[in-house]
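Listing of my_file33.cif, mmCIF, C-alpha atoms
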data_protein
#
loop_
_atom_site.group_PDB
_atom_site.id
_atom_site.type_symbol
_atom_site.label_atom_id
_atom_site.label_comp_id
_atom_site.auth_asym_id
_atom_site.auth_seq_id
_atom_site.Cartn_x
_atom_site.Cartn_y
_atom_site.Cartn_z
ATOM 1 C CA MET A 274 6.910 4.515 15.508
ATOM 2 C CA THR A 275 8.544 7.905 15.350
ATOM 3 C CA ALA A 276 7.346 11.210 16.696
ATOM 4 C CA ASP A 277 7.673 12.809 13.259
ATOM 5 C CA LEU A 278 5.192 10.410 11.634
ATOM 6 C CA ASP A 279 1.970 12.384 11.401
ATOM 7 C CA HIS A 280 -1.187 11.216 13.123
ATOM 8 C CA ASP A 281 -2.898 9.884 9.972
ATOM 9 C CA LEU A 282 0.106 7.772 9.029
ATOM 10 C CA ALA A 283 0.581 6.576 12.590
ATOM 11 C CA GLU A 284 -3.078 5.525 12.565
ATOM 12 C CA LEU A 285 -2.427 3.375 9.482
ATOM 13 C CA VAL A 286 0.565 1.712 11.121
ATOM 14 C CA GLU A 287 -1.564 1.003 14.198
ATOM 15 C CA ALA A 288 -4.426 -0.434 12.106
ATOM 16 C CA ALA A 289 -2.106 -2.783 10.211
ATOM 17 C CA THR A 290 -0.348 -3.797 13.428
ATOM 18 C CA ARG A 291 -3.641 -4.592 15.175
ATOM 19 C CA LEU A 292 -4.745 -6.689 12.201
ATOM 20 C CA VAL A 293 -1.563 -8.733 11.932
ATOM 21 C CA VAL A 294 -1.413 -9.296 15.703
ATOM 22 C CA ALA A 295 -5.045 -10.424 15.813
ATOM 23 C CA HIS A 296 -5.210 -12.518 12.664
ATOM 24 C CA ALA A 297 -1.763 -13.693 11.545
ATOM 25 C CA LYS A 298 -2.061 -17.455 11.158
ATOM 26 C CA GLY A 299 0.968 -19.650 10.712
ATOM 27 C CA ASP A 300 2.654 -19.153 7.362
ATOM 28 C CA ASP A 301 -0.601 -18.366 5.515
ATOM 29 C CA HIS A 302 -1.138 -14.816 6.759
ATOM 30 C CA THR A 303 1.973 -13.011 7.998
ATOM 31 C CA VAL A 304 1.668 -9.420 6.767
ATOM 32 C CA ALA A 305 -1.143 -6.884 7.136
ATOM 33 C CA CYS A 306 -1.600 -3.679 5.192
ATOM 34 C CA ALA A 307 -3.649 -0.542 5.794
ATOM 35 C CA ALA A 308 -4.474 2.287 3.394
ATOM 36 C CA ARG A 309 -6.616 5.381 3.654
ATOM 37 C CA ASP A 310 -8.917 6.642 0.926
ATOM 38 C CA ARG A 311 -9.761 10.243 0.148
ATOM 39 C CA ASP A 312 -12.826 10.077 2.416
ATOM 40 C CA GLY A 313 -10.695 9.039 5.405
ATOM 41 C CA ARG A 314 -11.741 5.397 5.467
ATOM 42 C CA ILE A 315 -9.065 2.921 6.474
ATOM 43 C CA ILE A 316 -9.044 -0.264 4.406
ATOM 44 C CA THR A 317 -7.010 -3.261 5.537
ATOM 45 C CA GLY A 318 -5.948 -6.620 4.178
ATOM 46 C CA LEU A 319 -3.818 -9.655 4.975
ATOM 47 C CA ASN A 320 -1.473 -11.433 2.606
ATOM 48 C CA VAL A 321 -2.394 -14.919 1.408
ATOM 49 C CA TYR A 322 0.777 -16.983 1.237
ATOM 50 C CA HIS A 323 0.954 -19.575 -1.507
ATOM 51 C CA PHE A 324 3.971 -21.164 -3.124
ATOM 52 C CA THR A 325 2.798 -19.885 -6.524
ATOM 53 C CA GLY A 326 3.036 -16.295 -5.335
ATOM 54 C CA GLY A 327 -0.199 -15.575 -3.555
ATOM 55 C CA PRO A 328 -1.225 -11.946 -3.166
ATOM 56 C CA CYS A 329 0.707 -9.690 -0.821
ATOM 57 C CA ALA A 330 -1.136 -7.677 1.812
ATOM 58 C CA GLU A 331 -0.869 -4.536 -0.328
ATOM 59 C CA LEU A 332 -2.650 -6.230 -3.247
ATOM 60 C CA VAL A 333 -5.340 -7.669 -0.969
ATOM 61 C CA THR A 334 -5.881 -4.168 0.442
ATOM 62 C CA ILE A 335 -6.257 -2.682 -3.048
ATOM 63 C CA GLY A 336 -8.895 -5.335 -3.821
ATOM 64 C CA ALA A 337 -10.642 -4.761 -0.492
ATOM 65 C CA ALA A 338 -10.695 -1.020 -1.211
ATOM 66 C CA ALA A 339 -12.291 -1.632 -4.613
ATOM 67 C CA ALA A 340 -14.859 -3.932 -2.965
ATOM 68 C CA VAL A 341 -16.120 -1.008 -0.867
ATOM 69 C CA GLY A 342 -15.920 1.518 -3.694
ATOM 70 C CA ALA A 343 -12.684 3.158 -2.508
ATOM 71 C CA TYR A 344 -10.934 3.629 -5.834
ATOM 72 C CA ASP A 345 -9.279 6.870 -4.819
ATOM 73 C CA LEU A 346 -6.225 5.961 -2.778
ATOM 74 C CA THR A 347 -4.332 9.135 -3.688
ATOM 75 C CA ALA A 348 -1.485 11.421 -2.674
ATOM 76 C CA VAL A 349 -3.118 12.385 0.585
ATOM 77 C CA VAL A 350 -3.115 8.790 1.737
ATOM 78 C CA ALA A 351 -0.492 6.206 2.384
ATOM 79 C CA VAL A 352 -0.153 2.474 2.459
ATOM 80 C CA VAL A 353 1.774 0.557 5.082
ATOM 81 C CA ALA A 354 2.554 -3.137 5.545
ATOM 82 C CA VAL A 355 3.381 -4.613 8.956
ATOM 83 C CA GLY A 356 4.842 -8.075 9.510
ATOM 84 C CA ASN A 357 3.823 -10.544 12.196
ATOM 85 C CA ASP A 358 5.972 -11.578 15.164
ATOM 86 C CA GLY A 359 6.990 -7.977 15.829
ATOM 87 C CA ARG A 360 8.771 -7.481 12.485
ATOM 88 C CA GLY A 361 7.286 -3.998 12.173
ATOM 89 C CA VAL A 362 6.822 -1.971 9.004
ATOM 90 C CA LEU A 363 8.006 -3.730 5.845
ATOM 91 C CA PRO A 364 8.702 -2.141 2.463
ATOM 92 C CA PRO A 365 6.549 -3.428 -0.403
ATOM 93 C CA CYS A 366 8.025 -6.027 -2.724
ATOM 94 C CA GLY A 367 8.831 -5.113 -6.317
ATOM 95 C CA ARG A 368 5.541 -6.396 -7.689
ATOM 96 C CA CYS A 369 3.555 -4.352 -5.154
ATOM 97 C CA ARG A 370 5.635 -1.259 -5.875
ATOM 98 C CA GLN A 371 4.804 -1.588 -9.568
ATOM 99 C CA VAL A 372 1.093 -2.207 -8.936
ATOM 100 C CA LEU A 373 0.883 0.752 -6.547
ATOM 101 C CA LEU A 374 2.624 2.982 -9.085
ATOM 102 C CA ASP A 375 0.338 1.824 -11.910
ATOM 103 C CA HIS A 376 -2.906 2.282 -9.969
ATOM 104 C CA PHE A 377 -2.010 5.113 -7.579
ATOM 105 C CA PRO A 378 1.018 6.979 -8.979
ATOM 106 C CA ARG A 379 0.799 9.683 -6.302
ATOM 107 C CA ILE A 380 0.364 7.392 -3.300
ATOM 108 C CA GLU A 381 2.788 7.552 -0.407
ATOM 109 C CA VAL A 382 4.211 4.408 1.175
ATOM 110 C CA VAL A 383 5.336 4.188 4.800
ATOM 111 C CA VAL A 384 8.823 2.669 5.072
ATOM 112 C CA GLY A 385 11.366 2.228 7.812
ATOM 113 C CA THR A 386 14.566 4.256 7.577
ATOM 114 C CA GLU A 387 17.563 4.687 9.864
ATOM 115 C CA GLY A 388 15.803 7.765 11.235
ATOM 116 C CA GLY A 389 12.512 5.956 11.826
ATOM 117 C CA LEU A 390 9.318 5.618 9.826
ATOM 118 C CA ARG A 391 8.514 8.034 7.037
ATOM 119 C CA ALA A 392 6.144 8.277 4.093
ATOM 120 C CA VAL A 393 7.721 8.399 0.648
ATOM 121 C CA PRO A 394 6.164 8.737 -2.796
ATOM 122 C CA VAL A 395 5.911 5.347 -4.473
ATOM 123 C CA ARG A 396 8.025 6.726 -7.340
ATOM 124 C CA GLU A 397 10.975 6.979 -4.937
ATOM 125 C CA LEU A 398 10.750 3.215 -4.460
ATOM 126 C CA LEU A 399 10.955 2.652 -8.229
ATOM 127 C CA PRO A 400 13.376 5.248 -9.613
ATOM 128 C CA TYR A 401 13.528 3.637 -13.073
ATOM 129 C CA ALA A 402 10.039 2.182 -13.152
ATOM 130 C CA TYR A 403 8.295 0.826 -16.186
ATOM 131 C CA GLU A 404 5.343 3.113 -16.865
ATOM 132 C CA ARG A 405 2.533 2.300 -19.211
ATOM 133 C CA VAL A 406 1.877 4.753 -21.981
ATOM 134 C CA PRO A 407 -1.840 5.582 -22.277
ATOM 135 C CA ASP A 408 -3.444 4.561 -25.528
ATOM 136 C CA ALA A 409 -6.681 5.445 -27.276
ATOM 137 C CA ALA A 410 -8.430 2.421 -25.751
ATOM 138 C CA HIS A 411 -7.503 3.558 -22.216
ATOM 139 C CA PRO A 412 -7.367 7.376 -22.216
ATOM 140 C CA THR A 413 -6.314 9.192 -19.074
ATOM 141 C CA ASP A 414 -8.382 11.871 -17.416
ATOM 142 C CA PRO A 415 -6.192 14.970 -16.847
ATOM 143 C CA THR A 416 -8.439 16.025 -13.939
ATOM 144 C CA ASP A 417 -7.981 12.674 -12.136
ATOM 145 C CA PRO A 418 -5.665 13.236 -9.128
ATOM 146 C CA ALA A 419 -4.383 9.668 -9.288
#
Encoded form using structure tokens:
Amino acid sequence: MTADLDHDLAELVEAATRLVVAHAKGDDHTVACAARDRDGRIITGLNVYHFTGGPCAELVTIGAAAAVGAYDLTAVVAVVAVGNDGRGVLPPCGRCRQVLLDHFPRIEVVVGTEGGLRAVPVRELLPYAYERVPDAAHPTDPTDPA
């Protein structure tokens, strides 16, 4: 962890690290994720490895957040994934980057850089991302911060 990572983000890294250290199990669960919602709640999840492409920790965390009514993972929050066996913070895979962008376009993601950990907007991880165009069946709410 770096000194310049603010307390809230450091708390997410710590939560994901505690989870992966406590519950990583063989090859089935090797990455934990933590996210914070607008109310300050920390939601966590573990990946579920499967040869068909089981869900990554980020996707499990999004589902866990929805299960407790935390649909507002927004710009003031971040998501972080931490690998088992001391691998530290991991960047999200391409699928997770796209899902995070689609559901939380203003979310920040904690990544490791040469200078240490930092939070970056998910858009920086997908500079030429595919973005859905809203249609009449799925209108967007201009007051929605996400």
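Here CA of Asp312 (chain A) and CA of Arg360 (chain A) stand 29.6 Å from one another.
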Result set, the PyMOL selection byres ((chain A and resi 354) around 7) on current file, as a PDB file with C-alpha atoms, keeping the file's coordinate frame:
ATOM      1  CA  ALA A 289      -2.106  -2.783  10.211  1.00  0.00           C
ATOM      2  CA  VAL A 304       1.668  -9.420   6.767  1.00  0.00           C
ATOM      3  CA  ALA A 305      -1.143  -6.884   7.136  1.00  0.00           C
ATOM      4  CA  CYS A 306      -1.600  -3.679   5.192  1.00  0.00           C
ATOM      5  CA  ALA A 307      -3.649  -0.542   5.794  1.00  0.00           C
ATOM      6  CA  ALA A 330      -1.136  -7.677   1.812  1.00  0.00           C
ATOM      7  CA  GLU A 331      -0.869  -4.536  -0.328  1.00  0.00           C
ATOM      8  CA  VAL A 352      -0.153   2.474   2.459  1.00  0.00           C
ATOM      9  CA  VAL A 353       1.774   0.557   5.082  1.00  0.00           C
ATOM     10  CA  VAL A 355       3.381  -4.613   8.956  1.00  0.00           C
ATOM     11  CA  GLY A 356       4.842  -8.075   9.510  1.00  0.00           C
ATOM     12  CA  VAL A 362       6.822  -1.971   9.004  1.00  0.00           C
ATOM     13  CA  LEU A 363       8.006  -3.730   5.845  1.00  0.00           C
ATOM     14  CA  PRO A 364       8.702  -2.141   2.463  1.00  0.00           C
TER      15      PRO A 364
END
Produce a table with one row for each residue of region 337-398 of chain A that has an atom at most 9 Å from any atom of region 318-329 of chain A, each row naming the nearest atom pair and its distance in Å at one decimal; use only C-alpha atoms; arrange rows by chain and rising residue number; format as a Markdown table.
| residue | atom | partner | partner_atom | distance |
| --- | --- | --- | --- | --- |
| A:Ala337 | CA | A:Gly318 | CA | 6.9 |
| A:Pro365 | CA | A:Cys329 | CA | 8.6 |
| A:Cys366 | CA | A:Cys329 | CA | 8.4 |
| A:Cys369 | CA | A:Cys329 | CA | 7.4 |
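From CA of Thr303 (chain A) back to CA of Val395 (chain A), the distance works out to 22.5 Å.
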For this file, the PyMOL selection byres ((chain A and resi 375) around 10) selects which residues, as a PDB file with C-alpha atoms, in the coordinates of the input?
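Once written, result-v9.pdb looks like this:
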ATOM      1  CA  CYS A 369       3.555  -4.352  -5.154  1.00  0.00           C
ATOM      2  CA  ARG A 370       5.635  -1.259  -5.875  1.00  0.00           C
ATOM      3  CA  GLN A 371       4.804  -1.588  -9.568  1.00  0.00           C
ATOM      4  CA  VAL A 372       1.093  -2.207  -8.936  1.00  0.00           C
ATOM      5  CA  LEU A 373       0.883   0.752  -6.547  1.00  0.00           C
ATOM      6  CA  LEU A 374       2.624   2.982  -9.085  1.00  0.00           C
ATOM      7  CA  HIS A 376      -2.906   2.282  -9.969  1.00  0.00           C
ATOM      8  CA  PHE A 377      -2.010   5.113  -7.579  1.00  0.00           C
ATOM      9  CA  PRO A 378       1.018   6.979  -8.979  1.00  0.00           C
ATOM     10  CA  ARG A 379       0.799   9.683  -6.302  1.00  0.00           C
ATOM     11  CA  VAL A 395       5.911   5.347  -4.473  1.00  0.00           C
ATOM     12  CA  ALA A 402      10.039   2.182 -13.152  1.00  0.00           C
ATOM     13  CA  TYR A 403       8.295   0.826 -16.186  1.00  0.00           C
ATOM     14  CA  GLU A 404       5.343   3.113 -16.865  1.00  0.00           C
ATOM     15  CA  ARG A 405       2.533   2.300 -19.211  1.00  0.00           C
ATOM     16  CA  ALA A 419      -4.383   9.668  -9.288  1.00  0.00           C
TER      17      ALA A 419
END
Hey, which of A:Gly367, A:Val293, A:Glu284, A:Leu332 ends up closest to Pro400 (chain A)? Count all atoms listed in the file. A:Gly367
